[in-house]
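Structure data (TSV, N, CA and C atoms) from upload09.tsv:
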chain	number	residue	atom	x	y	z
A	292	MET	N	-41.80	-20.43	8.71
A	292	MET	CA	-42.55	-19.26	8.30
A	292	MET	C	-43.58	-19.70	7.27
A	293	PRO	N	-44.83	-19.34	7.46
A	293	PRO	CA	-45.87	-19.72	6.50
A	293	PRO	C	-45.59	-19.13	5.12
A	294	THR	N	-46.09	-19.80	4.10
A	294	THR	CA	-45.85	-19.41	2.72
A	294	THR	C	-46.39	-18.02	2.41
A	295	THR	N	-47.56	-17.69	2.91
A	295	THR	CA	-48.14	-16.38	2.63
A	295	THR	C	-47.32	-15.26	3.26
A	296	LEU	N	-46.80	-15.49	4.46
A	296	LEU	CA	-45.97	-14.49	5.12
A	296	LEU	C	-44.65	-14.32	4.37
A	297	ARG	N	-44.08	-15.43	3.93
A	297	ARG	CA	-42.83	-15.39	3.17
A	297	ARG	C	-43.05	-14.63	1.85
A	298	LEU	N	-44.15	-14.88	1.17
A	298	LEU	CA	-44.48	-14.19	-0.07
A	298	LEU	C	-44.67	-12.70	0.17
A	299	LEU	N	-45.30	-12.34	1.28
A	299	LEU	CA	-45.50	-10.94	1.63
A	299	LEU	C	-44.17	-10.23	1.87
A	300	VAL	N	-43.23	-10.88	2.55
A	300	VAL	CA	-41.91	-10.30	2.81
A	300	VAL	C	-41.16	-10.10	1.50
A	301	VAL	N	-41.19	-11.08	0.62
A	301	VAL	CA	-40.49	-10.98	-0.67
A	301	VAL	C	-41.10	-9.86	-1.51
A	302	MET	N	-42.40	-9.77	-1.57
A	302	MET	CA	-43.07	-8.76	-2.37
A	302	MET	C	-42.79	-7.35	-1.81
A	303	THR	N	-42.82	-7.20	-0.50
A	303	THR	CA	-42.54	-5.91	0.12
A	303	THR	C	-41.11	-5.47	-0.15
A	304	THR	N	-40.17	-6.41	-0.04
A	304	THR	CA	-38.77	-6.09	-0.31
A	304	THR	C	-38.59	-5.68	-1.76
A	305	ALA	N	-39.20	-6.41	-2.69
A	305	ALA	CA	-39.10	-6.07	-4.11
A	305	ALA	C	-39.72	-4.71	-4.38
A	306	LEU	N	-40.83	-4.40	-3.78
A	306	LEU	CA	-41.49	-3.11	-3.97
A	306	LEU	C	-40.62	-1.98	-3.45
A	307	LEU	N	-40.01	-2.16	-2.28
A	307	LEU	CA	-39.15	-1.12	-1.72
A	307	LEU	C	-37.91	-0.90	-2.58
A	308	MET	N	-37.35	-1.96	-3.11
A	308	MET	CA	-36.15	-1.84	-3.93
A	308	MET	C	-36.43	-1.15	-5.26
A	309	THR	N	-37.57	-1.44	-5.87
A	309	THR	CA	-37.88	-0.85	-7.17
A	309	THR	C	-38.50	0.53	-7.07
A	310	SER	N	-39.08	0.88	-5.94
A	310	SER	CA	-39.74	2.19	-5.82
A	310	SER	C	-38.74	3.33	-5.83
A	311	CYS	N	-37.50	3.08	-5.47
A	311	CYS	CA	-36.49	4.13	-5.44
A	311	CYS	C	-35.56	4.08	-6.64
A	312	SER	N	-35.80	3.17	-7.56
A	312	SER	CA	-34.85	2.98	-8.66
A	312	SER	C	-34.90	4.10	-9.69
A	313	HIS	N	-35.93	4.91	-9.71
A	313	HIS	CA	-36.02	5.98	-10.70
A	313	HIS	C	-35.21	7.21	-10.30
A	314	TYR	N	-34.73	7.25	-9.07
A	314	TYR	CA	-33.90	8.36	-8.63
A	314	TYR	C	-32.48	8.19	-9.16
A	315	ASN	N	-31.84	9.30	-9.48
A	315	ASN	CA	-30.48	9.27	-9.98
A	315	ASN	C	-29.52	9.41	-8.80
A	316	TYR	N	-29.03	8.30	-8.31
A	316	TYR	CA	-28.11	8.31	-7.18
A	316	TYR	C	-26.68	8.44	-7.67
A	317	THR	N	-25.89	9.20	-6.95
A	317	THR	CA	-24.47	9.30	-7.25
A	317	THR	C	-23.69	8.93	-6.00
A	318	PHE	N	-22.49	8.47	-6.22
A	318	PHE	CA	-21.63	8.07	-5.12
A	318	PHE	C	-20.51	9.08	-4.97
A	319	SER	N	-20.33	9.56	-3.76
A	319	SER	CA	-19.20	10.44	-3.50
A	319	SER	C	-18.42	9.87	-2.33
A	320	SER	N	-17.14	10.14	-2.32
A	320	SER	CA	-16.28	9.58	-1.30
A	320	SER	C	-15.32	10.64	-0.80
A	321	ASN	N	-14.87	10.47	0.42
A	321	ASN	CA	-13.87	11.38	0.96
A	321	ASN	C	-12.46	10.87	0.70
A	322	LEU	N	-12.32	9.80	-0.09
A	322	LEU	CA	-11.00	9.28	-0.43
A	322	LEU	C	-10.33	10.20	-1.44
A	323	ASP	N	-9.10	10.54	-1.16
A	323	ASP	CA	-8.30	11.35	-2.06
A	323	ASP	C	-7.60	10.43	-3.05
A	324	LYS	N	-7.77	10.67	-4.35
A	324	LYS	CA	-7.20	9.79	-5.37
A	324	LYS	C	-5.69	9.69	-5.22
A	325	GLU	N	-5.03	10.78	-4.90
A	325	GLU	CA	-3.57	10.78	-4.75
A	325	GLU	C	-3.14	9.87	-3.59
A	326	LYS	N	-3.83	9.98	-2.47
A	326	LYS	CA	-3.48	9.15	-1.31
A	326	LYS	C	-3.80	7.68	-1.58
A	327	PHE	N	-4.83	7.43	-2.33
A	327	PHE	CA	-5.20	6.07	-2.70
A	327	PHE	C	-4.10	5.45	-3.54
A	328	GLN	N	-3.55	6.21	-4.49
A	328	GLN	CA	-2.46	5.71	-5.33
A	328	GLN	C	-1.19	5.52	-4.51
A	329	GLN	N	-0.94	6.40	-3.55
A	329	GLN	CA	0.24	6.27	-2.69
A	329	GLN	C	0.14	5.02	-1.82
A	330	TYR	N	-1.06	4.68	-1.41
A	330	TYR	CA	-1.25	3.51	-0.56
A	330	TYR	C	-0.81	2.23	-1.27
A	331	PHE	N	-1.11	2.13	-2.57
A	331	PHE	CA	-0.77	0.94	-3.33
A	331	PHE	C	0.58	1.02	-4.03
A	332	ALA	N	1.30	2.11	-3.85
A	332	ALA	CA	2.60	2.30	-4.52
A	332	ALA	C	3.59	1.17	-4.25
A	333	PRO	N	3.73	0.68	-3.01
A	333	PRO	CA	4.72	-0.38	-2.78
A	333	PRO	C	4.45	-1.65	-3.59
A	334	SER	N	3.21	-1.93	-3.89
A	334	SER	CA	2.89	-3.14	-4.64
A	334	SER	C	3.34	-3.05	-6.10
A	335	ARG	N	3.64	-1.87	-6.57
A	335	ARG	CA	4.12	-1.71	-7.95
A	335	ARG	C	5.63	-1.91	-8.06
A	336	VAL	N	6.31	-2.08	-6.93
A	336	VAL	CA	7.77	-2.24	-6.91
A	336	VAL	C	8.09	-3.66	-6.46
A	337	GLU	N	8.65	-4.45	-7.37
A	337	GLU	CA	8.99	-5.84	-7.10
A	337	GLU	C	10.35	-5.93	-6.43
A	338	ILE	N	10.47	-6.85	-5.49
A	338	ILE	CA	11.72	-7.03	-4.76
A	338	ILE	C	12.56	-8.12	-5.42
A	339	TYR	N	13.84	-7.80	-5.66
A	339	TYR	CA	14.81	-8.77	-6.16
A	339	TYR	C	15.87	-8.97	-5.08
A	340	ASP	N	16.43	-10.16	-5.02
A	340	ASP	CA	17.42	-10.47	-3.99
A	340	ASP	C	18.81	-9.95	-4.33
A	341	TYR	N	19.18	-9.97	-5.62
A	341	TYR	CA	20.53	-9.59	-6.04
A	341	TYR	C	20.48	-8.74	-7.30
A	342	ASP	N	21.49	-7.89	-7.48
A	342	ASP	CA	21.60	-7.09	-8.70
A	342	ASP	C	21.67	-7.98	-9.94
A	343	GLU	N	22.31	-9.13	-9.78
A	343	GLU	CA	22.50	-10.05	-10.91
A	343	GLU	C	21.18	-10.62	-11.42
A	344	GLN	N	20.13	-10.57	-10.63
A	344	GLN	CA	18.83	-11.07	-11.04
A	344	GLN	C	18.09	-10.09	-11.95
A	345	MET	N	18.57	-8.86	-12.01
A	345	MET	CA	17.88	-7.84	-12.79
A	345	MET	C	17.98	-8.18	-14.28
A	346	PRO	N	16.90	-8.04	-15.02
A	346	PRO	CA	16.93	-8.30	-16.46
A	346	PRO	C	17.86	-7.32	-17.17
A	347	ALA	N	18.28	-7.69	-18.36
A	347	ALA	CA	19.19	-6.85	-19.13
A	347	ALA	C	18.56	-5.50	-19.50
A	348	ASN	N	17.25	-5.47	-19.59
A	348	ASN	CA	16.56	-4.23	-19.98
A	348	ASN	C	16.17	-3.38	-18.76
A	349	SER	N	16.96	-3.46	-17.70
A	349	SER	CA	16.69	-2.65	-16.51
A	349	SER	C	17.66	-1.48	-16.43
A	350	GLN	N	17.18	-0.40	-15.82
A	350	GLN	CA	17.99	0.80	-15.67
A	350	GLN	C	18.05	1.17	-14.20
A	351	TYR	N	19.26	1.40	-13.69
A	351	TYR	CA	19.47	1.81	-12.30
A	351	TYR	C	19.03	3.27	-12.16
A	352	LEU	N	18.18	3.55	-11.15
A	352	LEU	CA	17.66	4.90	-10.95
A	352	LEU	C	18.30	5.62	-9.77
A	353	GLY	N	18.74	4.89	-8.76
A	353	GLY	CA	19.35	5.53	-7.61
A	353	GLY	C	19.09	4.78	-6.32
A	354	LEU	N	19.67	5.30	-5.25
A	354	LEU	CA	19.48	4.71	-3.93
A	354	LEU	C	18.22	5.26	-3.27
A	355	VAL	N	17.55	4.40	-2.54
A	355	VAL	CA	16.36	4.82	-1.78
A	355	VAL	C	16.48	4.26	-0.37
A	356	SER	N	15.74	4.86	0.54
A	356	SER	CA	15.69	4.36	1.90
A	356	SER	C	14.27	4.53	2.42
A	357	GLY	N	13.98	3.79	3.45
A	357	GLY	CA	12.70	3.90	4.13
A	357	GLY	C	12.92	3.65	5.60
A	358	GLU	N	12.11	4.27	6.43
A	358	GLU	CA	12.31	4.09	7.86
A	358	GLU	C	11.02	3.75	8.58
A	359	SER	N	11.21	3.15	9.74
A	359	SER	CA	10.13	2.83	10.65
A	359	SER	C	10.56	3.34	12.02
A	360	CYS	N	9.71	4.13	12.65
A	360	CYS	CA	10.08	4.80	13.90
A	360	CYS	C	9.06	4.47	14.99
A	361	GLN	N	9.57	4.04	16.14
A	361	GLN	CA	8.74	3.86	17.32
A	361	GLN	C	8.86	5.14	18.14
A	362	VAL	N	7.85	5.98	18.07
A	362	VAL	CA	7.91	7.30	18.68
A	362	VAL	C	7.93	7.24	20.20
A	363	LYS	N	7.11	6.36	20.77
A	363	LYS	CA	7.04	6.23	22.23
A	363	LYS	C	7.16	4.76	22.61
A	364	LYS	N	7.64	4.53	23.80
A	364	LYS	CA	7.92	3.18	24.25
A	364	LYS	C	6.69	2.27	24.23
A	365	HIS	N	5.52	2.81	24.51
A	365	HIS	CA	4.30	2.00	24.57
A	365	HIS	C	3.67	1.76	23.20
A	366	LEU	N	4.21	2.37	22.15
A	366	LEU	CA	3.69	2.18	20.80
A	366	LEU	C	4.40	1.01	20.12
A	367	MET	N	3.90	0.62	18.94
A	367	MET	CA	4.47	-0.51	18.21
A	367	MET	C	5.94	-0.28	17.90
A	368	GLN	N	6.71	-1.32	18.07
A	368	GLN	CA	8.15	-1.24	17.84
A	368	GLN	C	8.45	-1.08	16.35
A	369	ALA	N	9.48	-0.30	16.04
A	369	ALA	CA	9.91	-0.13	14.65
A	369	ALA	C	10.32	-1.49	14.10
A	370	ASN	N	10.05	-1.72	12.80
A	370	ASN	CA	10.37	-3.03	12.22
A	370	ASN	C	10.83	-2.90	10.78
A	371	GLU	N	11.54	-3.91	10.32
A	371	GLU	CA	12.09	-3.91	8.97
A	371	GLU	C	11.00	-3.95	7.90
A	372	GLN	N	9.91	-4.63	8.17
A	372	GLN	CA	8.84	-4.73	7.18
A	372	GLN	C	8.30	-3.35	6.81
A	373	ASP	N	8.03	-2.51	7.81
A	373	ASP	CA	7.52	-1.17	7.54
A	373	ASP	C	8.59	-0.31	6.86
A	374	ALA	N	9.84	-0.46	7.28
A	374	ALA	CA	10.92	0.32	6.67
A	374	ALA	C	11.10	-0.07	5.20
A	375	ARG	N	11.03	-1.36	4.91
A	375	ARG	CA	11.16	-1.82	3.52
A	375	ARG	C	9.97	-1.36	2.68
A	376	THR	N	8.77	-1.37	3.26
A	376	THR	CA	7.59	-0.88	2.54
A	376	THR	C	7.75	0.60	2.21
A	377	ASN	N	8.26	1.38	3.15
A	377	ASN	CA	8.48	2.81	2.89
A	377	ASN	C	9.57	3.03	1.85
A	378	ALA	N	10.58	2.17	1.82
A	378	ALA	CA	11.61	2.26	0.78
A	378	ALA	C	11.01	1.95	-0.59
A	379	ARG	N	10.13	0.98	-0.66
A	379	ARG	CA	9.44	0.66	-1.92
A	379	ARG	C	8.57	1.84	-2.36
A	380	ARG	N	7.92	2.49	-1.41
A	380	ARG	CA	7.11	3.67	-1.72
A	380	ARG	C	8.00	4.78	-2.30
A	381	ASN	N	9.18	4.97	-1.72
A	381	ASN	CA	10.11	5.99	-2.24
A	381	ASN	C	10.67	5.59	-3.60
A	382	ALA	N	10.86	4.31	-3.82
A	382	ALA	CA	11.31	3.84	-5.15
A	382	ALA	C	10.24	4.13	-6.19
A	383	ASP	N	8.98	3.95	-5.82
A	383	ASP	CA	7.89	4.24	-6.75
A	383	ASP	C	7.87	5.71	-7.14
A	384	LYS	N	8.25	6.59	-6.23
A	384	LYS	CA	8.32	8.02	-6.54
A	384	LYS	C	9.36	8.32	-7.60
A	385	LEU	N	10.36	7.44	-7.74
A	385	LEU	CA	11.38	7.59	-8.79
A	385	LEU	C	10.95	6.88	-10.09
A	386	ASN	N	9.72	6.37	-10.11
A	386	ASN	CA	9.19	5.58	-11.22
A	386	ASN	C	9.90	4.24	-11.36
A	387	ALA	N	10.40	3.73	-10.26
A	387	ALA	CA	11.02	2.40	-10.26
A	387	ALA	C	9.93	1.34	-10.16
A	388	ASN	N	10.22	0.17	-10.72
A	388	ASN	CA	9.31	-0.95	-10.56
A	388	ASN	C	10.04	-2.18	-10.00
A	389	ALA	N	11.28	-1.97	-9.54
A	389	ALA	CA	12.05	-3.04	-8.93
A	389	ALA	C	13.01	-2.44	-7.90
A	390	ILE	N	13.36	-3.25	-6.90
A	390	ILE	CA	14.28	-2.80	-5.87
A	390	ILE	C	15.11	-3.98	-5.39
A	391	VAL	N	16.37	-3.70	-5.08
A	391	VAL	CA	17.25	-4.68	-4.44
A	391	VAL	C	17.68	-4.07	-3.10
A	392	PHE	N	17.28	-4.70	-2.01
A	392	PHE	CA	17.64	-4.18	-0.69
A	392	PHE	C	19.08	-4.51	-0.37
A	393	THR	N	19.80	-3.53	0.17
A	393	THR	CA	21.21	-3.72	0.49
A	393	THR	C	21.44	-3.90	1.99
A	394	GLY	N	20.48	-3.53	2.82
A	394	GLY	CA	20.62	-3.73	4.25
A	394	GLY	C	19.72	-2.83	5.06
A	395	CYS	N	19.67	-3.12	6.35
A	395	CYS	CA	18.87	-2.33	7.29
A	395	CYS	C	19.71	-2.02	8.52
A	396	ALA	N	19.47	-0.86	9.10
A	396	ALA	CA	20.19	-0.44	10.32
A	396	ALA	C	19.17	-0.20	11.43
A	397	HIS	N	19.54	-0.60	12.64
A	397	HIS	CA	18.68	-0.42	13.82
A	397	HIS	C	19.36	0.60	14.74
A	398	ASN	N	18.62	1.65	15.08
A	398	ASN	CA	19.18	2.73	15.90
A	398	ASN	C	18.18	3.22	16.92
A	399	LYS	N	18.63	4.14	17.76
A	399	LYS	CA	17.78	4.92	18.66
A	399	LYS	C	18.14	6.38	18.43
A	400	THR	N	17.14	7.24	18.47
A	400	THR	CA	17.37	8.68	18.33
A	400	THR	C	16.54	9.40	19.39
A	401	LYS	N	16.68	10.71	19.43
A	401	LYS	CA	15.86	11.50	20.35
A	401	LYS	C	14.38	11.42	19.97
A	402	GLN	N	14.10	11.33	18.66
A	402	GLN	CA	12.72	11.31	18.18
A	402	GLN	C	12.12	9.91	18.19
A	403	CYS	N	12.97	8.88	18.10
A	403	CYS	CA	12.48	7.50	17.98
A	403	CYS	C	13.07	6.63	19.07
A	404	HIS	N	12.20	5.98	19.80
A	404	HIS	CA	12.66	5.04	20.81
A	404	HIS	C	13.45	3.92	20.13
A	405	THR	N	12.91	3.38	19.04
A	405	THR	CA	13.66	2.48	18.15
A	405	THR	C	13.44	2.98	16.73
A	406	LEU	N	14.46	2.81	15.89
A	406	LEU	CA	14.41	3.27	14.51
A	406	LEU	C	15.04	2.21	13.63
A	407	VAL	N	14.35	1.87	12.55
A	407	VAL	CA	14.89	0.94	11.55
A	407	VAL	C	14.90	1.68	10.23
A	408	ILE	N	16.05	1.71	9.58
A	408	ILE	CA	16.18	2.31	8.25
A	408	ILE	C	16.68	1.22	7.31
A	409	CYS	N	15.97	1.02	6.20
A	409	CYS	CA	16.37	0.04	5.19
A	409	CYS	C	16.75	0.76	3.91
A	410	TYR	N	17.81	0.28	3.29
A	410	TYR	CA	18.37	0.90	2.09
A	410	TYR	C	18.23	-0.06	0.91
A	411	GLY	N	18.06	0.53	-0.28
A	411	GLY	CA	17.95	-0.30	-1.47
A	411	GLY	C	18.31	0.45	-2.72
A	412	LYS	N	18.49	-0.30	-3.79
A	412	LYS	CA	18.78	0.25	-5.11
A	412	LYS	C	17.51	0.15	-5.95
A	413	ALA	N	17.08	1.28	-6.49
A	413	ALA	CA	15.86	1.34	-7.29
A	413	ALA	C	16.20	1.15	-8.77
A	414	TYR	N	15.39	0.33	-9.43
A	414	TYR	CA	15.57	0.05	-10.86
A	414	TYR	C	14.23	0.22	-11.59
A	415	GLN	N	14.36	0.52	-12.86
A	415	GLN	CA	13.19	0.51	-13.73
A	415	GLN	C	13.43	-0.56	-14.78
A	416	ILE	N	12.55	-1.53	-14.82
A	416	ILE	CA	12.63	-2.58	-15.83
A	416	ILE	C	11.71	-2.17	-16.97
A	417	MET	N	12.29	-2.04	-18.15
A	417	MET	CA	11.52	-1.62	-19.31
A	417	MET	C	10.60	-2.75	-19.74
A	418	GLN	N	9.37	-2.41	-20.03
A	418	GLN	CA	8.38	-3.40	-20.44
A	418	GLN	C	8.37	-3.63	-21.93
Turn the structure described in the file into structure tokens.
Amino acid sequence: MPTTLRLLVVMTTALLMTSCSHYNYTFSSNLDKEKFQQYFAPSRVEIYDYDEQMPANSQYLGLVSGESCQVKKHLMQANEQDARTNARRNADKLNANAIVFTGCAHNKTKQCHTLVICYGKAYQIMQ
């Protein structure tokens, strides 16, 4: 590309970018703040392998469960990863920041072609 043409492209781009800069633009989104926080809720709950690993400054909050359901045969199969993520989400609702999983069960129901339910103990570790 010749130098004069390149200079013309750069100058035109700079002019277009600065000509609109005096307008007061605002950003709006259709994202719901509550749903956004719910999406990241599982990341706030750390997984521990055993109760004995819990620090001394932890408090037991209760049992939680999460499920993964395969509604129709042609849809994605239920799995433990999704069930455990949903259990972490439910632990976050109790203000827990730690969980110890106790097990998962695999079933079939009228509503779910395959169903996985994972159970855990929710804890709050004091900071």
Exercise for the section: List the neighbours of A:Ile390 out to 8 Å using all atoms listed in the file; skip same-chain residues closer than 6 positions along the sequence, and give me the result as a list in words. Expected result: Arg335, Val336, Glu337, Ile338, Tyr339, Asp340, Tyr341, Asp342, Ala378, Arg379, Ala382, Gly411, Lys412, Ala413, Tyr414 and Gln415 of chain A
Exercise for the section: Could you tell me which of A:Met345, A:Leu366, A:Leu352, A:Leu298 comes closest to A:Leu385 if we count only N, CA and C atoms? Expected result: A:Leu352
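Atom C of A:Ser356 lies 7.1 Å from atom C of A:Asn381.
The space separating atom CA of A:Ala374 from atom CA of A:Thr393 comes to 12.7 Å.
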Fill in the blank from the handout: Counting only C-alpha atoms, the residue among A:Asp383, A:Val391, A:Glu358, A:His365 that lies closest to A:Glu343 is A:Val391
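Compared by their closest atoms to A:Met417, and using all atoms listed in the file, the residues A:Cys403, A:Met367, A:Ala347, A:Ala305 rank with A:Ala347 nearest.
Comparing A:Gln350, A:Thr376, A:Asn370, A:Ser334 by their smallest distance to A:Phe392, the closest is A:Thr376 (using only C-alpha atoms).
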Each side padded by 3 Å, which centre and which edge lengths in Å (one decimal) define the axis-aligned box around the listed atoms of stretch 396-414 of chain A? Give them as AutoDock Vina command-line options.
--center_x 16.2 --center_y 5.3 --center_z 4.6 --size_x 14.1 --size_y 18.4 --size_z 38.4
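Between atom CA of A:Ala332 and atom CA of A:Asn386 the separation is 10.0 Å.
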Exercise for the section: Write out as an MDAnalysis selection string all residues of stretch 346-400 of chain A that DSSP puts in strand (DSSP E) for this structure's backbone. Expected result: chainID A and resid 349:361 389:398
Practice task
Please provide the set of residues having any atom within 7 Å of A:Leu406, restricted to only C-alpha atoms, with same-chain residues fewer than 6 positions apart removed, written as JSON, numbers by chain.
Solution key: {"A": [359, 360, 361, 369, 397, 398, 399]}
Exercise for the section: Between A:Arg380, A:Lys363, A:Gln344, A:Gly357, single out the one closest to A:Tyr410, counting only N, CA and C atoms. Expected result: A:Gly357
